[in-house]
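Shown here: work03.tsv, TSV, C-alpha atoms.
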```tsv
chain	number	residue	atom	x	y	z
X	1164	MET	CA	52.05	-15.62	27.64
X	1165	LYS	CA	51.81	-14.03	24.19
X	1166	LYS	CA	49.31	-16.68	23.06
X	1167	LYS	CA	47.21	-16.06	26.16
X	1168	ARG	CA	47.13	-12.33	25.38
X	1169	ILE	CA	46.07	-12.99	21.80
X	1170	LEU	CA	43.41	-15.43	22.96
X	1171	SER	CA	42.11	-12.90	25.52
X	1172	LEU	CA	41.96	-10.22	22.84
X	1173	LEU	CA	40.02	-12.51	20.51
X	1174	LEU	CA	37.58	-13.44	23.26
X	1175	VAL	CA	37.06	-9.75	24.05
X	1176	CYS	CA	36.38	-9.14	20.35
X	1177	VAL	CA	33.84	-11.96	20.29
X	1178	LEU	CA	32.16	-10.50	23.38
X	1179	CYS	CA	32.11	-6.99	21.88
X	1180	PHE	CA	30.72	-8.28	18.59
X	1181	GLY	CA	28.06	-10.14	20.57
X	1182	MET	CA	27.04	-6.95	22.38
X	1183	VAL	CA	26.98	-5.05	19.09
X	1184	GLY	CA	24.89	-7.85	17.62
X	1185	GLN	CA	22.33	-7.51	20.42
X	1186	VAL	CA	22.12	-3.75	19.88
X	1187	GLU	CA	21.76	-4.23	16.11
X	1188	ALA	CA	19.08	-6.90	16.66
X	1189	SER	CA	17.16	-4.47	18.89
X	1190	LYS	CA	17.41	-1.72	16.26
X	1191	ILE	CA	16.28	-4.13	13.53
X	1192	SER	CA	13.32	-5.23	15.66
X	1193	ASN	CA	12.32	-1.60	16.25
X	1194	ALA	CA	12.69	-0.79	12.54
X	1195	LYS	CA	10.51	-3.77	11.60
X	1196	LYS	CA	7.92	-2.74	14.18
X	1197	LYS	CA	7.94	0.79	12.80
X	1198	ALA	CA	7.59	-0.60	9.27
X	1199	GLN	CA	4.47	-2.52	10.37
X	1200	GLU	CA	3.04	0.59	12.05
X	1201	LEU	CA	3.69	2.71	8.94
X	1202	GLN	CA	2.12	0.10	6.67
X	1203	SER	CA	-0.91	-0.06	8.99
X	1204	LYS	CA	-1.23	3.75	8.96
X	1205	LYS	CA	-0.87	3.79	5.18
X	1206	LYS	CA	-3.57	1.10	4.83
X	1207	THR	CA	-5.91	3.13	7.06
X	1208	ALA	CA	-5.16	6.36	5.17
X	1209	VAL	CA	-5.77	4.68	1.79
X	1210	ALA	CA	-9.11	3.31	3.08
X	1211	GLU	CA	-10.07	6.81	4.31
X	1212	LYS	CA	-9.05	8.25	0.95
X	1213	LYS	CA	-11.39	5.79	-0.81
X	1214	LYS	CA	-14.23	6.83	1.52
X	1215	LEU	CA	-13.57	10.51	0.76
X	1216	LEU	CA	-13.59	9.79	-2.97
X	1217	LYS	CA	-16.96	8.06	-2.57
X	1218	GLN	CA	-18.23	11.05	-0.58
X	1219	LEU	CA	-17.00	13.41	-3.28
X	1220	ASP	CA	-18.73	11.33	-5.98
X	1221	ALA	CA	-21.95	11.37	-3.92
X	1222	VAL	CA	-21.73	15.16	-3.49
X	1223	LEU	CA	-21.09	15.68	-7.21
X	1224	ASN	CA	-24.04	13.43	-8.10
X	1225	GLU	CA	-26.27	15.31	-5.64
X	1226	MET	CA	-25.07	18.62	-7.05
X	1227	GLU	CA	-25.92	17.45	-10.58
X	1228	ALA	CA	-29.38	16.30	-9.46
X	1229	THR	CA	-29.98	19.61	-7.62
X	1230	LYS	CA	-28.84	21.55	-10.67
X	1231	LYS	CA	-31.43	19.72	-12.77
X	1232	LYS	CA	-34.11	20.48	-10.17
X	1233	ILE	CA	-33.13	24.18	-10.20
X	1234	THR	CA	-33.33	24.25	-14.00
X	1235	ALA	CA	-36.75	22.58	-13.92
X	1236	LYS	CA	-37.96	24.95	-11.19
X	1237	GLU	CA	-36.76	27.97	-13.14
X	1238	ASP	CA	-38.71	26.68	-16.17
X	1239	GLU	CA	-41.82	26.41	-13.99
X	1240	ILE	CA	-41.29	29.95	-12.70
X	1241	SER	CA	-40.94	31.22	-16.28
X	1242	LYS	CA	-44.24	29.55	-17.21
X	1243	LYS	CA	-45.96	31.03	-14.15
X	1244	GLU	CA	-44.59	34.45	-15.02
X	1245	GLU	CA	-46.15	34.11	-18.48
X	1246	GLU	CA	-49.45	32.96	-16.93
X	1247	LEU	CA	-49.32	35.89	-14.52
X	1248	ILE	CA	-48.76	38.36	-17.35
X	1249	ILE	CA	-51.71	36.88	-19.29
X	1250	ALA	CA	-53.93	37.00	-16.17
X	1251	GLN	CA	-52.88	40.57	-15.48
X	1252	VAL	CA	-53.67	41.53	-19.10
X	1253	ASP	CA	-57.11	39.86	-18.85
X	1254	GLU	CA	-57.74	41.62	-15.55
X	1255	ASN	CA	-56.72	44.93	-17.05
X	1256	ASP	CA	-58.90	44.44	-20.17
X	1257	GLN	CA	-61.91	43.58	-18.06
X	1258	TYR	CA	-61.25	46.54	-15.79
X	1259	GLU	CA	-60.93	48.95	-18.74
X	1260	ALA	CA	-64.13	47.64	-20.35
X	1261	MET	CA	-66.02	48.01	-17.12
X	1262	LYS	CA	-64.66	51.55	-16.66
X	1263	LYS	CA	-65.88	52.50	-20.14
X	1264	ARG	CA	-69.37	51.24	-19.45
X	1265	ILE	CA	-69.53	52.96	-16.07
X	1266	LYS	CA	-68.24	56.17	-17.66
X	1267	PHE	CA	-70.84	55.91	-20.44
X	1268	MET	CA	-73.66	55.49	-17.95
X	1269	TYR	CA	-72.35	58.34	-15.78
X	1270	GLU	CA	-71.94	60.75	-18.66
X	1271	ASN	CA	-75.28	60.02	-20.27
X	1272	GLY	CA	-77.21	59.55	-17.05
X	1273	ASN	CA	-80.34	57.48	-16.87
X	1274	GLU	CA	-81.84	59.05	-20.06
X	1275	GLN	CA	-80.01	56.58	-22.30
X	1276	LEU	CA	-81.15	53.65	-20.21
X	1277	VAL	CA	-84.76	54.98	-20.13
X	1278	GLU	CA	-84.64	55.55	-23.90
X	1279	PHE	CA	-83.27	52.05	-24.37
X	1280	LEU	CA	-86.07	50.61	-22.27
X	1281	LEU	CA	-88.81	52.76	-23.98
X	1282	LYS	CA	-87.81	51.41	-27.35
X	1283	SER	CA	-89.12	48.06	-26.16
X	1284	LYS	CA	-92.10	46.99	-28.31
X	1285	SER	CA	-93.65	44.86	-25.64
X	1286	LEU	CA	-93.67	44.31	-21.93
X	1287	GLY	CA	-91.67	41.15	-22.38
X	1288	GLU	CA	-89.01	42.94	-24.42
X	1289	PHE	CA	-88.96	45.71	-21.79
X	1290	LEU	CA	-88.32	43.24	-19.02
X	1291	ASN	CA	-85.68	41.46	-21.09
X	1292	ASN	CA	-83.85	44.75	-21.79
X	1293	ALA	CA	-83.96	45.71	-18.10
X	1294	GLU	CA	-82.61	42.28	-17.15
X	1295	TYR	CA	-79.92	42.60	-19.84
X	1296	ILE	CA	-78.66	45.87	-18.32
X	1297	THR	CA	-78.54	44.30	-14.85
X	1298	THR	CA	-76.78	41.19	-16.25
X	1299	ILE	CA	-74.08	43.29	-17.90
X	1300	SER	CA	-73.29	45.08	-14.64
X	1301	SER	CA	-73.29	41.80	-12.74
X	1302	TYR	CA	-71.08	40.17	-15.41
X	1303	ASP	CA	-68.58	42.97	-15.19
X	1304	ARG	CA	-68.29	42.57	-11.44
X	1305	LYS	CA	-68.03	38.79	-11.63
X	1306	MET	CA	-65.38	38.79	-14.37
X	1307	LEU	CA	-63.32	41.43	-12.61
X	1308	LYS	CA	-63.45	39.42	-9.40
X	1309	LYS	CA	-62.55	36.22	-11.28
X	1310	PHE	CA	-59.57	37.80	-13.01
X	1311	GLN	CA	-58.37	39.29	-9.74
X	1312	GLU	CA	-58.56	35.86	-8.12
X	1313	VAL	CA	-56.58	34.33	-11.03
X	1314	VAL	CA	-53.92	37.02	-10.64
X	1315	LYS	CA	-53.66	36.38	-6.90
X	1316	LYS	CA	-53.49	32.61	-7.44
X	1317	VAL	CA	-50.76	32.87	-10.09
X	1318	GLU	CA	-48.85	35.34	-7.94
X	1319	ALA	CA	-49.02	32.92	-4.98
X	1320	GLN	CA	-47.85	30.01	-7.18
X	1321	GLU	CA	-45.02	32.10	-8.55
X	1322	GLU	CA	-43.99	33.13	-5.04
X	1323	ALA	CA	-44.02	29.47	-3.90
X	1324	LEU	CA	-41.91	28.43	-6.88
X	1325	LYS	CA	-39.42	31.21	-6.21
X	1326	LYS	CA	-39.18	30.11	-2.58
X	1327	GLU	CA	-38.54	26.50	-3.63
X	1328	ASN	CA	-35.96	27.73	-6.12
X	1329	GLU	CA	-34.20	29.73	-3.40
X	1330	GLU	CA	-34.15	26.65	-1.17
X	1331	LEU	CA	-32.65	24.60	-4.00
X	1332	LYS	CA	-30.00	27.25	-4.59
X	1333	GLU	CA	-29.16	27.29	-0.88
X	1334	MET	CA	-28.87	23.50	-1.03
X	1335	GLN	CA	-26.58	23.83	-4.05
X	1336	ASP	CA	-24.43	26.38	-2.20
X	1337	SER	CA	-24.24	24.00	0.77
X	1338	LEU	CA	-23.20	21.18	-1.55
X	1339	ILE	CA	-20.52	23.40	-3.09
X	1340	GLU	CA	-19.15	24.10	0.40
X	1341	LYS	CA	-19.28	20.40	1.20
X	1342	GLN	CA	-17.47	19.63	-2.05
X	1343	SER	CA	-14.73	22.11	-1.13
X	1344	SER	CA	-14.46	20.58	2.35
X	1345	VAL	CA	-14.21	17.02	0.98
X	1346	LYS	CA	-11.64	18.11	-1.60
X	1347	GLU	CA	-9.57	19.74	1.13
X	1348	LEU	CA	-9.77	16.58	3.27
X	1349	LEU	CA	-8.86	14.50	0.23
X	1350	SER	CA	-5.86	16.72	-0.48
X	1351	ASP	CA	-4.72	16.39	3.14
X	1352	LYS	CA	-5.16	12.61	2.96
X	1353	LYS	CA	-3.11	12.43	-0.25
X	1354	SER	CA	-0.36	14.45	1.44
X	1355	GLU	CA	-0.53	12.12	4.45
X	1356	ILE	CA	-0.21	9.04	2.22
X	1357	ALA	CA	2.71	10.62	0.34
X	1358	GLY	CA	4.40	11.34	3.68
X	1359	LEU	CA	3.81	7.77	4.86
X	1360	LYS	CA	5.25	6.40	1.62
X	1361	ALA	CA	8.35	8.55	2.11
X	1362	ASP	CA	8.65	7.35	5.73
X	1363	ILE	CA	8.21	3.73	4.63
X	1364	LYS	CA	10.92	4.16	2.00
X	1365	LYS	CA	13.24	5.83	4.52
X	1366	ASN	CA	12.57	3.16	7.16
X	1367	LYS	CA	13.13	0.40	4.58
X	1368	ALA	CA	16.53	1.88	3.69
X	1369	LYS	CA	17.35	2.09	7.40
X	1370	LEU	CA	16.23	-1.53	7.93
X	1371	ASN	CA	18.33	-2.71	4.98
X	1372	ALA	CA	21.35	-0.87	6.39
X	1373	LEU	CA	20.75	-2.37	9.85
X	1374	GLU	CA	20.36	-5.88	8.43
X	1375	LYS	CA	23.55	-5.46	6.41
X	1376	ALA	CA	25.36	-4.18	9.50
X	1377	ALA	CA	23.99	-7.13	11.49
X	1378	ALA	CA	25.13	-9.56	8.81
X	1379	ASP	CA	28.60	-7.97	8.81
X	1380	ALA	CA	28.70	-8.14	12.60
X	1381	ALA	CA	27.62	-11.79	12.53
X	1382	ARG	CA	30.34	-12.56	9.99
X	1383	LYS	CA	32.94	-10.79	12.14
X	1384	ARG	CA	31.70	-12.66	15.23
X	1385	LYS	CA	32.00	-15.92	13.35
X	1386	GLU	CA	35.50	-15.06	12.14
X	1387	ALA	CA	36.54	-13.92	15.63
X	1388	SER	CA	35.02	-17.06	17.15
X	1389	ALA	CA	36.82	-19.24	14.59
X	1390	SER	CA	40.07	-17.41	15.32
X	1391	ALA	CA	39.56	-17.89	19.07
X	1392	SER	CA	38.71	-21.56	18.52
X	1393	ALA	CA	41.75	-22.03	16.32
X	1394	SER	CA	43.93	-20.23	18.84
X	1395	THR	CA	42.54	-22.37	21.64
X	1396	SER	CA	42.99	-25.65	19.78
X	1397	SER	CA	46.44	-24.71	18.47
X	1398	GLY	CA	47.67	-25.06	22.00
X	1399	GLY	CA	47.38	-28.82	21.49
X	1400	ALA	CA	49.10	-28.84	18.12
X	1401	GLY	CA	52.51	-30.51	18.00
X	1402	ALA	CA	55.66	-29.64	16.08
X	1403	ALA	CA	55.88	-29.98	12.30
X	1404	VAL	CA	56.72	-33.45	10.95
X	1405	VAL	CA	57.93	-34.08	7.41
X	1406	SER	CA	58.50	-37.65	6.21
X	1407	GLY	CA	59.04	-39.42	2.88
X	1408	ASN	CA	60.55	-38.28	-0.42
X	1409	GLY	CA	57.31	-37.60	-2.36
X	1410	THR	CA	55.75	-34.32	-3.42
X	1411	PHE	CA	53.62	-34.47	-0.25
X	1412	THR	CA	54.71	-35.49	3.21
X	1413	HIS	CA	52.73	-38.29	4.83
X	1414	PRO	CA	49.66	-36.72	6.56
X	1415	CYS	CA	49.61	-39.39	9.27
X	1416	PRO	CA	53.14	-40.83	9.64
X	1417	GLY	CA	53.55	-43.89	11.87
X	1418	TYR	CA	50.05	-45.06	10.92
X	1419	SER	CA	50.45	-46.04	7.31
X	1420	ARG	CA	47.94	-48.92	7.34
X	1421	ILE	CA	45.51	-48.17	4.59
X	1422	SER	CA	42.03	-49.32	5.54
X	1423	SER	CA	40.47	-48.23	2.24
X	1424	TYR	CA	42.25	-47.50	-1.06
X	1425	PHE	CA	41.47	-44.98	-3.79
X	1426	GLY	CA	38.91	-46.11	-6.39
X	1427	TYR	CA	36.25	-48.83	-6.30
X	1428	ARG	CA	35.46	-50.48	-2.97
X	1429	GLU	CA	32.69	-52.43	-1.32
X	1430	GLN	CA	30.17	-50.16	0.41
X	1431	PRO	CA	31.43	-49.99	4.05
X	1432	ILE	CA	28.20	-48.58	5.53
X	1433	ALA	CA	24.78	-47.66	4.21
X	1434	GLY	CA	24.89	-44.42	2.28
X	1435	ALA	CA	28.66	-44.54	1.67
X	1436	SER	CA	30.01	-44.25	-1.89
X	1437	THR	CA	31.53	-47.29	-3.63
X	1438	ASN	CA	33.78	-44.90	-5.57
X	1439	HIS	CA	36.35	-43.93	-2.93
X	1440	LYS	CA	37.86	-40.54	-3.83
X	1441	GLY	CA	40.78	-40.75	-1.39
X	1442	MET	CA	42.47	-43.23	0.92
X	1443	ASP	CA	41.83	-43.99	4.58
X	1444	PHE	CA	44.63	-44.28	7.14
X	1445	ALA	CA	43.47	-46.23	10.21
X	1446	ALA	CA	44.72	-44.56	13.42
X	1447	PRO	CA	43.54	-44.06	17.00
X	1448	THR	CA	41.60	-40.97	17.99
X	1449	GLY	CA	44.00	-38.14	18.85
X	1450	THR	CA	46.70	-39.17	16.34
X	1451	PRO	CA	48.27	-35.99	14.84
X	1452	ILE	CA	47.40	-35.02	11.27
X	1453	TYR	CA	49.94	-32.98	9.28
X	1454	ALA	CA	49.63	-30.71	6.24
X	1455	ALA	CA	50.83	-32.63	3.16
X	1456	ALA	CA	52.37	-29.41	1.78
X	1457	GLY	CA	52.43	-25.67	2.42
X	1458	GLY	CA	49.39	-23.65	1.36
X	1459	THR	CA	46.29	-21.74	2.44
X	1460	VAL	CA	43.45	-23.25	4.47
X	1461	VAL	CA	40.33	-22.84	2.34
X	1462	SER	CA	37.90	-24.45	4.76
X	1463	ALA	CA	38.07	-25.68	8.34
X	1464	GLY	CA	34.89	-26.85	10.05
X	1465	TYR	CA	32.11	-29.41	10.16
X	1466	SER	CA	30.81	-30.58	6.77
X	1467	GLY	CA	28.12	-33.28	6.89
X	1468	ASN	CA	29.34	-36.79	5.93
X	1469	ALA	CA	32.94	-35.58	5.96
X	1470	GLY	CA	32.63	-34.59	9.62
X	1471	ASN	CA	35.29	-32.07	10.71
X	1472	LEU	CA	36.96	-31.22	7.41
X	1473	ILE	CA	40.08	-29.25	6.44
X	1474	VAL	CA	40.77	-28.22	2.84
X	1475	ILE	CA	44.20	-26.78	1.91
X	1476	ASN	CA	44.96	-25.11	-1.41
X	1477	HIS	CA	48.59	-25.71	-2.47
X	1478	GLY	CA	48.46	-23.79	-5.76
X	1479	ASN	CA	49.00	-25.06	-9.30
X	1480	GLY	CA	45.58	-26.75	-9.17
X	1481	LEU	CA	46.49	-29.01	-6.23
X	1482	SER	CA	44.53	-29.20	-3.00
X	1483	THR	CA	44.20	-31.77	-0.19
X	1484	TYR	CA	41.24	-32.82	1.98
X	1485	TYR	CA	41.47	-34.12	5.58
X	1486	MET	CA	38.18	-35.65	6.82
X	1487	HIS	CA	36.65	-37.04	10.06
X	1488	CYS	CA	39.00	-35.01	12.31
X	1489	HIS	CA	38.39	-35.14	16.04
X	1490	GLN	CA	39.77	-31.62	16.60
X	1491	ILE	CA	40.93	-28.89	14.21
X	1492	TYR	CA	43.91	-26.63	14.95
X	1493	VAL	CA	43.68	-24.22	11.98
X	1494	HIS	CA	41.10	-21.84	10.54
X	1495	ALA	CA	40.00	-20.67	7.08
X	1496	GLY	CA	42.40	-18.18	5.51
X	1497	GLN	CA	45.37	-19.34	7.59
X	1498	LYS	CA	48.72	-20.04	5.90
X	1499	VAL	CA	50.20	-23.42	6.85
X	1500	SER	CA	53.61	-24.97	6.21
X	1501	LYS	CA	54.48	-28.46	5.02
X	1502	GLY	CA	54.28	-30.96	7.92
X	1503	GLN	CA	52.43	-28.53	10.25
X	1504	ASN	CA	50.15	-30.23	12.79
X	1505	ILE	CA	46.69	-29.13	11.61
X	1506	ALA	CA	44.34	-31.57	13.43
X	1507	ILE	CA	44.00	-34.94	15.14
X	1508	VAL	CA	42.33	-38.15	13.94
X	1509	GLY	CA	38.72	-38.77	14.87
X	1510	THR	CA	35.53	-40.43	13.66
X	1511	THR	CA	33.19	-37.47	13.04
X	1512	GLY	CA	30.66	-37.49	10.23
X	1513	ASN	CA	29.82	-40.69	8.33
X	1514	SER	CA	32.58	-42.96	9.65
X	1515	THR	CA	33.01	-46.63	10.69
X	1516	GLY	CA	35.76	-45.81	13.19
X	1517	PRO	CA	38.76	-43.51	13.89
X	1518	HIS	CA	40.71	-42.85	10.70
X	1519	LEU	CA	41.93	-40.08	8.39
X	1520	HIS	CA	40.37	-39.83	4.96
X	1521	PHE	CA	43.11	-38.16	2.89
X	1522	GLN	CA	42.12	-36.88	-0.55
X	1523	VAL	CA	44.15	-35.18	-3.28
X	1524	MET	CA	42.46	-32.99	-5.92
X	1525	SER	CA	44.17	-31.99	-9.16
X	1526	GLY	CA	42.33	-29.45	-11.27
X	1527	GLY	CA	39.18	-30.18	-9.26
X	1528	VAL	CA	39.35	-33.94	-9.98
X	1529	PRO	CA	40.18	-36.59	-7.32
X	1530	VAL	CA	43.46	-38.43	-8.00
X	1531	ASN	CA	45.25	-41.32	-6.29
X	1532	PRO	CA	47.16	-39.89	-3.26
X	1533	LEU	CA	49.85	-42.62	-3.59
X	1534	LYS	CA	51.22	-40.78	-6.62
X	1535	TYR	CA	52.22	-37.85	-4.39
X	1536	LEU	CA	53.40	-39.60	-1.20
```
Spell out the structure here as structure tokens.
Amino acid sequence: MKKKRILSLLLVCVLCFGMVGQVEASKISNAKKKAQELQSKKKTAVAEKKKLLKQLDAVLNEMEATKKKITAKEDEISKKEEELIIAQVDENDQYEAMKKRIKFMYENGNEQLVEFLLKSKSLGEFLNNAEYITTISSYDRKMLKKFQEVVKKVEAQEEALKKENEELKEMQDSLIEKQSSVKELLSDKKSEIAGLKADIKKNKAKLNALEKAAADAARKRKEASASASASTSSGGAGAAVVSGNGTFTHPCPGYSRISSYFGYREQPIAGASTNHKGMDFAAPTGTPIYAAAGGTVVSAGYSGNAGNLIVINHGNGLSTYYMHCHQIYVHAGQKVSKGQNIAIVGTTGNSTGPHLHFQVMSGGVPVNPLKYL
């Protein structure tokens, strides 16, 4: 009844560990999914950051080009201002000269002109002098008109240049605003990337913790399962049997026929070693196998060519191996006593038929088991 209770408890533990394992697996899956999502978001954010940096470079280059245009336009305006001043001076000079001549003629009346004409020595000279007076008046009007037109033209050019310059400055102001906007977006994107990196780091730590917890749970499930298996199989184990006067009791008493001795042998099957590290006791499947001496079970489970294998550490550098078992009644970490029924004979692994391969190790080196039996 007590064994049944223990077995039930172990089975409940296995079931509980299994449920915990499913929960942990779900959490791990969610954490991995979140990690992928965060990495995807980070990748997108980094790509957007690169685009913003390109935009910022383009804005800065445009600002530099606009600045050069503004400088060139301001130079043009300065030149036009100089031209305008010169034109205004010419206009003023012409205007002042014309005023003086008009004033002279007004103050002196027509007597001076008549006197000037009467001094002519001939009719031809008279006509020439009369034409000269008319030409001077006409010249004054023409030059004044010309200079006024130059002033207007230069003023118009200067006004156009100033307008272009204002437009360039407005463009520069717009670029400055755009630069500020891009910088702000870039700052936000950097903060977003930093946040994503922190989330990725946090999620990675969580994932590592979950995976460790899952590994621990799996180990506990395995141990609980092994304990349940051992408890189940121990129900078939018989009483302890000790025989012989050697250091070790016979591991398979009643079946002492040795089918293969320690040392060199002919290869029994393909792949088998010709250097036999133990001795084989031929016995039917189900024959009890006993611990050669008291000790701790180091390993109990399937192991390739050895099939179902039990390894017992007896201390002082001695350990024994029991191979090809059909069923195992003990588990790793279990203490066993000399002559305790630990398994039954089988033919698991690389085997030609039912038998027990019994092996003694001293200081990690195989030795002849006959020395201890």
Rank nothing, just name the residue among X:Lys1309, X:Lys1230, X:Lys1217, X:Lys1236 nearest to Gln1251 (chain X), using all atoms listed in the file.
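Closest to Gln1251 (chain X), using all atoms listed in the file: X:Lys1309.
Proximity of X:Leu1481, X:Phe1411, X:Val1530, X:Arg1304 to Ser1500 (chain X), computed with all atoms listed in the file, is greatest for X:Phe1411.
Nearest residue to Gly1527 (chain X) among X:Ala1235, X:Ser1241, X:Thr1459, X:Thr1483 is X:Thr1483, counting only C-alpha atoms.
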Polymer residues at most 12 Å from Ile1249 (chain X), only C-alpha atoms, same-chain spacing of 3 or more positions, as a list in words
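In the requested form, the answer reads Lys1242, Lys1243, Glu1244, Glu1245, Glu1246, Val1252, Asp1253, Glu1254, Asn1255, Asp1256, Phe1310, Gln1311, Val1313, Val1314, Val1317 and Glu1318 of chain X.
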Residues within 6 Å of Gln1503 (chain X), please, as an mmCIF file with C-alpha atoms, keeping the file's coordinate frame. Count only C-alpha atoms; anything in the same chain fewer than 2 positions from it doesn't count.
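See out.cif below for the written result:
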```
data_model
loop_
_atom_site.group_PDB
_atom_site.id
_atom_site.type_symbol
_atom_site.label_atom_id
_atom_site.label_comp_id
_atom_site.auth_asym_id
_atom_site.auth_seq_id
_atom_site.Cartn_x
_atom_site.Cartn_y
_atom_site.Cartn_z
ATOM 1 C CA ALA X 1403 55.880 -29.980 12.300
ATOM 2 C CA TYR X 1453 49.940 -32.980 9.280
ATOM 3 C CA ALA X 1454 49.630 -30.710 6.240
ATOM 4 C CA SER X 1500 53.610 -24.970 6.210
ATOM 5 C CA LYS X 1501 54.480 -28.460 5.020
ATOM 6 C CA ILE X 1505 46.690 -29.130 11.610
#
```
Considering all atoms listed in the file, can you say which of X:Lys1352, X:Lys1375, X:Arg1420, X:His1518 comes closest to Lys1214 (chain X)?
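Nearest to Lys1214 (chain X): X:Lys1352.
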Calculate how many Å separate CA of Phe1425 (chain X) from CA of Lys1440 (chain X), rounding to one decimal.
5.7 Å
Could you check which residues have any atom within 8 Å of (36.8, -25.0, 3.5), counting all atoms listed in the file with coordinates taken straight from the file, and then list them as a list in words?
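The distance filter leaves exactly Val1460, Val1461, Ser1462, Ala1463, Gly1464, Leu1472, Ile1473, Val1474, Ile1475 and Ala1495 of chain X.
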Pull C-alpha atoms from the residues just selected and write them as a short mmCIF file (atom, residue, chain, number, x, y, z; two decimals), keeping the file's coordinate frame.
```cif
data_model
loop_
_atom_site.label_atom_id
_atom_site.label_comp_id
_atom_site.auth_asym_id
_atom_site.auth_seq_id
_atom_site.Cartn_x
_atom_site.Cartn_y
_atom_site.Cartn_z
CA VAL X 1460 43.45 -23.25 4.47
CA VAL X 1461 40.33 -22.84 2.34
CA SER X 1462 37.90 -24.45 4.76
CA ALA X 1463 38.07 -25.68 8.34
CA GLY X 1464 34.89 -26.85 10.05
CA LEU X 1472 36.96 -31.22 7.41
CA ILE X 1473 40.08 -29.25 6.44
CA VAL X 1474 40.77 -28.22 2.84
CA ILE X 1475 44.20 -26.78 1.91
CA ALA X 1495 40.00 -20.67 7.08
#
```
Could you state the separation of CA of Lys1332 (chain X) and CA of Ile1233 (chain X) in Å, given to one decimal place?
7.1 Å
Env of region 1366-1370 of chain X: 9 Å cut, atoms = only C-alpha atoms, seq-sep filter 5 positions within chain, self excluded. Answer as a PyMOL selection string.
chain X and resi 1190-1191+1194-1195+1197-1198+1361+1375
Using only C-alpha atoms, which of the listed residues (X:Val1186, X:Asn1471, X:Ala1455, X:Val1209) sits closest to Asn1408 (chain X)?
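So, comparing all the options, the nearest one is X:Ala1455.
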Of the listed residues X:Tyr1492, X:Asn1479, X:Lys1206, X:Gly1470, that which approaches Thr1511 (chain X) most closely, counting only C-alpha atoms
X:Gly1470
Between CA of Leu1331 (chain X) and CA of Thr1234 (chain X), what is the spacing in Å?
10.0 Å
